[in-house]
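> Sharing a structure here in structure tokens format.
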Amino acid sequence: MRFLVVAVAAFALLAGTAGAQPPVLGFTMSASPRASAVSLPSASMPNSPDGMSVPVSFTTPPAAPHLLDLNALHALWERAGTAYGVPWNVLAAINKVESNFGQNMGPSSAGAIGWMQFMPSTWLRWGVDADGDGVADPWNATDAVYAAARYLAASGGQTDISRAVFSYNHADWYVQEVLDLARVYGNGTIAQTADLQHVQQLLDQARARVVAANKVLGVAVDRERSLRQVSARLHEKIDTAALLSDRLSAERRAVQFDVRVDSARSALDVAQAAFERAQAGLETAQQNAQAPSFTPSVGSLMGAPSYSGQWVFPVGGGPELVSAAHTHHDYPAVDIAAPAGSPVYAISNATVLNAWHEADPRCGIGMTIRTEDGQTWTYCHLAVLYDSVVDGVSLAAGTQVGLVGSTGHATGPHLHLQLQPPTSWPQYQPWFQSFAGKAFRWQDAPTPLELPGDPPAAAKVFSVIPEARDGVVAFTRTGG
């Protein structure tokens, strides 16, 4: 069975084992010239103002994106790393984090573009024409990866790769995520990297299908309920009609309308069956992701729970995708921004006091729980709350309870978390703050101090706001 092969291969990657390399999965092949015959610019200084040609409207995505399969990408990372003396697997990790190997090339909300998410102004300073076609194109994998290698080298990556990655994005969590992921890629084979990518894609797709199916189901439920209420009123008129002619007329209208009710009920049955299939598919995908999720950096990619003592951060995905602010817009609560479909977890051992699986006008889909320390918490705006979460059930810390959404009164996908009564801010509790830089990032964090020799903040090369999965933008500060 393919799912089992994927899970075993991904687990082998984490154990550092090697094996035969099956065909690489999930990418389109596009030939790219080797850069070995091209005269590459030095990493010692940026481009001169008139020293580089770029495509016309280079900030606009091309009609036909330049894509490579993982075999070709692996060779590209190695060539670029060798050319500028930086580890190829760090280039691979940055490529993954910034654009998911070319799947999300922007432009981002900050205007970052291409394979490695350069800001346009800084691409002019550090871009590279690595394939020798006469232009430096951030949408071209070869040009962008070589430019990333050049910047890492310029930032000291030949001798201190941690510091170089820090200059790329002045955030300790980012450095840790990139270097952890680089170790995973460096310890495995191309085939194992492909299997890991495939496991993540299957998991993301399964979550998206559940979110979409539950949305369709909700519409079907509302429509069937609305039509059934109208039907009930029509049938009441039959019983209250004084004249036989009026009664016969009311019966005719009720019977005719009940055809619509029957159709809506059939549509509801179809939607319910589709939702149950989507849930079963998600369970399979989650089981296949369990083994590779044991490694922290890979666990973030899979949305695995993050633990700190008896507490678990309520949203999975890691600080690249998950963020929160120190304050709420109008009262003590926290809105945890994350892509739609991100997993939601029980924050501690708890008992469910109230669970609602249909959207409330204000809170949407959600639940209220009481944790072992006696605090009462409410979750709002979920896309899905799992059927197993019902009143009175006990939840272990880290139990997945649903998926992030924007049901109810919400302007975008996020988890609204608050204490009941809302007398204090959740984000100021020690357990919540212990996850900063590990499971989420502060949206309103101050800009960190720069290291000696770093380029000034206004001239940083890369944006650190890639397009997140499902088209949701991760709210991160950018430099440049």
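Chain identifiers are assigned as A, B, and so on, following the order in which chains appear in the structure tokens; residues are numbered from 1 within each chain, and ligands are numbered from 1 in order of appearance.
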Assign secondary structure with DSSP using the backbone only, and return the residues of range 267-414 of chain A in strand (DSSP E or B) as a ChimeraX atom specification.

/A:307-308,311-312,315,323-324,334-337,343-345,350-360,364-371,376-385,394-395,400-405,414

> Convert the current residue selection to file output with N, CA and C atoms, as a compact mmCIF listing (two decimals), in the first residue's frame.


# COMPACT_ATOMS: atom_id res chain seq x y z
N TYR A 307 4.61 20.79 22.96
CA TYR A 307 4.40 20.62 24.40
C TYR A 307 5.37 21.48 25.22
N SER A 308 4.88 21.93 26.37
CA SER A 308 5.71 22.62 27.35
C SER A 308 5.14 22.27 28.73
N TRP A 311 1.29 21.76 29.36
CA TRP A 311 0.55 22.57 28.41
C TRP A 311 0.93 22.24 26.97
N VAL A 312 -0.02 22.50 26.07
CA VAL A 312 0.17 22.32 24.63
C VAL A 312 -0.33 23.58 23.94
N VAL A 315 -2.63 25.59 18.54
CA VAL A 315 -2.63 25.54 17.08
C VAL A 315 -1.29 25.00 16.59
N SER A 323 0.75 32.88 14.44
CA SER A 323 1.17 34.11 15.10
C SER A 323 0.07 34.62 16.02
N ALA A 324 0.46 35.46 16.96
CA ALA A 324 -0.48 36.07 17.90
C ALA A 324 0.06 37.42 18.32
N VAL A 334 -7.18 36.22 22.96
CA VAL A 334 -6.10 36.16 21.98
C VAL A 334 -6.64 35.56 20.69
N ASP A 335 -6.30 36.18 19.58
CA ASP A 335 -6.61 35.64 18.26
C ASP A 335 -5.32 35.05 17.69
N ILE A 336 -5.31 33.75 17.49
CA ILE A 336 -4.12 33.05 17.00
C ILE A 336 -4.30 32.82 15.50
N ALA A 337 -3.59 33.60 14.70
CA ALA A 337 -3.73 33.53 13.25
C ALA A 337 -2.99 32.33 12.71
N PRO A 343 -4.31 22.30 12.43
CA PRO A 343 -4.90 21.52 13.51
C PRO A 343 -5.03 22.32 14.81
N VAL A 344 -6.09 22.04 15.55
CA VAL A 344 -6.36 22.68 16.83
C VAL A 344 -6.31 21.62 17.92
N TYR A 345 -5.64 21.94 19.04
CA TYR A 345 -5.40 20.96 20.10
C TYR A 345 -5.97 21.42 21.44
N ALA A 350 -8.33 18.23 30.16
CA ALA A 350 -9.51 19.06 30.36
C ALA A 350 -10.78 18.24 30.18
N THR A 351 -11.88 18.82 30.63
CA THR A 351 -13.22 18.27 30.43
C THR A 351 -14.02 19.24 29.58
N VAL A 352 -14.73 18.72 28.59
CA VAL A 352 -15.54 19.55 27.72
C VAL A 352 -16.83 19.92 28.44
N LEU A 353 -17.06 21.20 28.65
CA LEU A 353 -18.28 21.67 29.28
C LEU A 353 -19.39 21.88 28.26
N ASN A 354 -19.02 22.35 27.08
CA ASN A 354 -20.01 22.62 26.04
C ASN A 354 -19.30 22.58 24.69
N ALA A 355 -19.89 21.85 23.76
CA ALA A 355 -19.33 21.77 22.40
C ALA A 355 -20.44 22.01 21.40
N TRP A 356 -20.17 22.82 20.40
CA TRP A 356 -21.18 23.07 19.37
C TRP A 356 -20.52 22.90 17.99
N HIS A 357 -21.15 22.08 17.16
CA HIS A 357 -20.58 21.70 15.86
C HIS A 357 -21.17 22.47 14.69
N GLU A 358 -22.18 23.29 14.99
CA GLU A 358 -22.74 24.19 13.99
C GLU A 358 -22.43 25.61 14.40
N ALA A 359 -22.24 26.48 13.42
CA ALA A 359 -21.73 27.82 13.68
C ALA A 359 -22.71 28.68 14.46
N ASP A 360 -22.21 29.24 15.55
CA ASP A 360 -22.90 30.28 16.29
C ASP A 360 -22.63 31.61 15.57
N GLY A 364 -18.97 31.21 16.05
CA GLY A 364 -18.77 30.16 15.06
C GLY A 364 -18.83 28.78 15.70
N ILE A 365 -18.08 27.84 15.16
CA ILE A 365 -17.97 26.50 15.72
C ILE A 365 -16.93 26.52 16.83
N GLY A 366 -17.22 25.84 17.95
CA GLY A 366 -16.24 25.90 19.02
C GLY A 366 -16.61 25.04 20.21
N MET A 367 -15.95 25.32 21.34
CA MET A 367 -16.18 24.55 22.55
C MET A 367 -15.71 25.34 23.76
N THR A 368 -16.20 24.93 24.92
CA THR A 368 -15.73 25.46 26.20
C THR A 368 -15.24 24.29 27.04
N ILE A 369 -14.04 24.41 27.61
CA ILE A 369 -13.44 23.33 28.40
C ILE A 369 -12.99 23.87 29.75
N ARG A 370 -12.87 22.95 30.71
CA ARG A 370 -12.27 23.30 32.00
C ARG A 370 -11.01 22.47 32.17
N THR A 371 -9.87 23.14 32.30
CA THR A 371 -8.60 22.44 32.47
C THR A 371 -8.41 22.02 33.91
N THR A 376 -11.41 27.96 32.95
CA THR A 376 -12.38 27.65 31.90
C THR A 376 -12.01 28.44 30.64
N TRP A 377 -11.94 27.71 29.51
CA TRP A 377 -11.48 28.30 28.25
C TRP A 377 -12.51 28.07 27.15
N THR A 378 -12.66 29.06 26.29
CA THR A 378 -13.54 28.93 25.13
C THR A 378 -12.73 29.06 23.84
N TYR A 379 -12.96 28.14 22.89
CA TYR A 379 -12.38 28.17 21.56
C TYR A 379 -13.49 28.62 20.59
N CYS A 380 -13.15 29.52 19.67
CA CYS A 380 -14.13 30.00 18.69
C CYS A 380 -13.58 29.95 17.26
N HIS A 381 -14.51 29.93 16.30
CA HIS A 381 -14.26 30.12 14.87
C HIS A 381 -13.62 28.92 14.17
N LEU A 382 -13.72 27.72 14.76
CA LEU A 382 -13.16 26.55 14.09
C LEU A 382 -13.88 26.28 12.77
N ALA A 383 -13.15 25.73 11.82
CA ALA A 383 -13.78 25.25 10.58
C ALA A 383 -14.53 23.96 10.85
N VAL A 384 -13.94 23.13 11.72
CA VAL A 384 -14.51 21.83 12.07
C VAL A 384 -14.19 21.54 13.53
N LEU A 385 -15.18 21.08 14.28
CA LEU A 385 -14.96 20.50 15.60
C LEU A 385 -15.30 19.02 15.46
N SER A 394 -13.62 13.74 28.35
CA SER A 394 -12.32 14.16 28.86
C SER A 394 -11.32 14.21 27.71
N LEU A 395 -10.52 15.25 27.68
CA LEU A 395 -9.51 15.43 26.65
C LEU A 395 -8.12 15.40 27.29
N GLN A 400 -6.14 16.33 19.35
CA GLN A 400 -6.61 17.19 18.27
C GLN A 400 -8.14 17.23 18.32
N VAL A 401 -8.68 18.45 18.36
CA VAL A 401 -10.13 18.62 18.52
C VAL A 401 -10.80 19.14 17.26
N GLY A 402 -10.03 19.71 16.32
CA GLY A 402 -10.65 20.26 15.13
C GLY A 402 -9.63 20.97 14.27
N LEU A 403 -10.12 21.85 13.38
CA LEU A 403 -9.28 22.56 12.43
C LEU A 403 -9.60 24.05 12.46
N VAL A 404 -8.58 24.86 12.26
CA VAL A 404 -8.74 26.32 12.24
C VAL A 404 -9.66 26.74 11.10
N GLY A 405 -10.50 27.72 11.37
CA GLY A 405 -11.37 28.25 10.32
C GLY A 405 -11.72 29.69 10.58
N HIS A 414 -8.53 31.99 12.08
CA HIS A 414 -7.78 32.10 13.33
C HIS A 414 -8.53 31.34 14.41

> Please return as a ChimeraX atom specification: the residues of range 49-127 of chain A that backbone DSSP assigns to alpha helix (DSSP H).

/A:70-84,88-99,120-126

> Could you check which of A:Gly186, A:Pro332, A:Tyr151, A:Asp69 is closest to Leu419 in chain A, using only C-alpha atoms?

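Looking only at the distances to Leu419 in chain A, the closest residue turns out to be A:Pro332.
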
> At a cut-off of 12 Å, using only C-alpha atoms, what residues contact Asp180 in chain A? Leave out same-chain residues fewer than 2 positions from it and give the result as number ranges by chain.

A: 14, 89-90, 92-94, 97, 162, 173-178, 182-187, 295-301

> The selected residues should be written to file as an mmCIF file, in the first residue's frame (atoms: C-alpha atoms).


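Saved as result_13.cif:
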data_model
loop_
_atom_site.group_PDB
_atom_site.id
_atom_site.type_symbol
_atom_site.label_atom_id
_atom_site.label_comp_id
_atom_site.auth_asym_id
_atom_site.auth_seq_id
_atom_site.Cartn_x
_atom_site.Cartn_y
_atom_site.Cartn_z
ATOM 1 C CA LEU A 14 14.672 10.556 10.376
ATOM 2 C CA ASN A 89 21.008 21.461 2.681
ATOM 3 C CA VAL A 90 20.590 24.921 4.229
ATOM 4 C CA ALA A 92 17.170 23.344 0.542
ATOM 5 C CA ALA A 93 15.637 24.197 3.920
ATOM 6 C CA ILE A 94 15.298 27.899 3.075
ATOM 7 C CA VAL A 97 10.357 27.368 4.166
ATOM 8 C CA SER A 162 23.808 30.067 11.916
ATOM 9 C CA TRP A 173 13.002 30.541 15.795
ATOM 10 C CA TYR A 174 13.630 30.925 12.072
ATOM 11 C CA VAL A 175 17.278 29.976 12.423
ATOM 12 C CA GLN A 176 16.327 26.922 14.483
ATOM 13 C CA GLU A 177 13.637 25.845 12.018
ATOM 14 C CA VAL A 178 15.898 26.193 8.984
ATOM 15 C CA ALA A 182 18.563 21.239 6.948
ATOM 16 C CA ARG A 183 19.779 18.383 9.172
ATOM 17 C CA VAL A 184 16.812 16.267 8.100
ATOM 18 C CA TYR A 185 17.503 16.890 4.415
ATOM 19 C CA GLY A 186 21.224 16.361 4.874
ATOM 20 C CA ASN A 187 20.789 13.002 6.624
ATOM 21 C CA THR A 295 11.549 15.385 14.512
ATOM 22 C CA PRO A 296 10.679 18.951 15.712
ATOM 23 C CA SER A 297 11.229 20.758 12.401
ATOM 24 C CA VAL A 298 9.302 18.110 10.490
ATOM 25 C CA GLY A 299 6.657 18.111 13.201
ATOM 26 C CA SER A 300 6.049 21.807 12.505
ATOM 27 C CA LEU A 301 5.557 21.045 8.807
#

> Neighbouring residues of Ala212 in chain A were defined as those with any atom within 9 Å, considering only C-alpha atoms; residues of the same chain fewer than 4 positions away were excluded. Please report them as a ChimeraX atom specification.

/A:207-208,216-217,275,383

> Which of these, A:Pro413, A:Gly81, A:Pro41, A:Pro421, has the shortest distance to Ile161 in chain A once you count only C-alpha atoms?

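Of all the options, A:Gly81 lies closest to Ile161 in chain A.
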
> For the atom pair CA of Phe440 in chain A and CA of Arg362 in chain A, what is the interatomic distance in Å to one decimal place?

25.1 Å
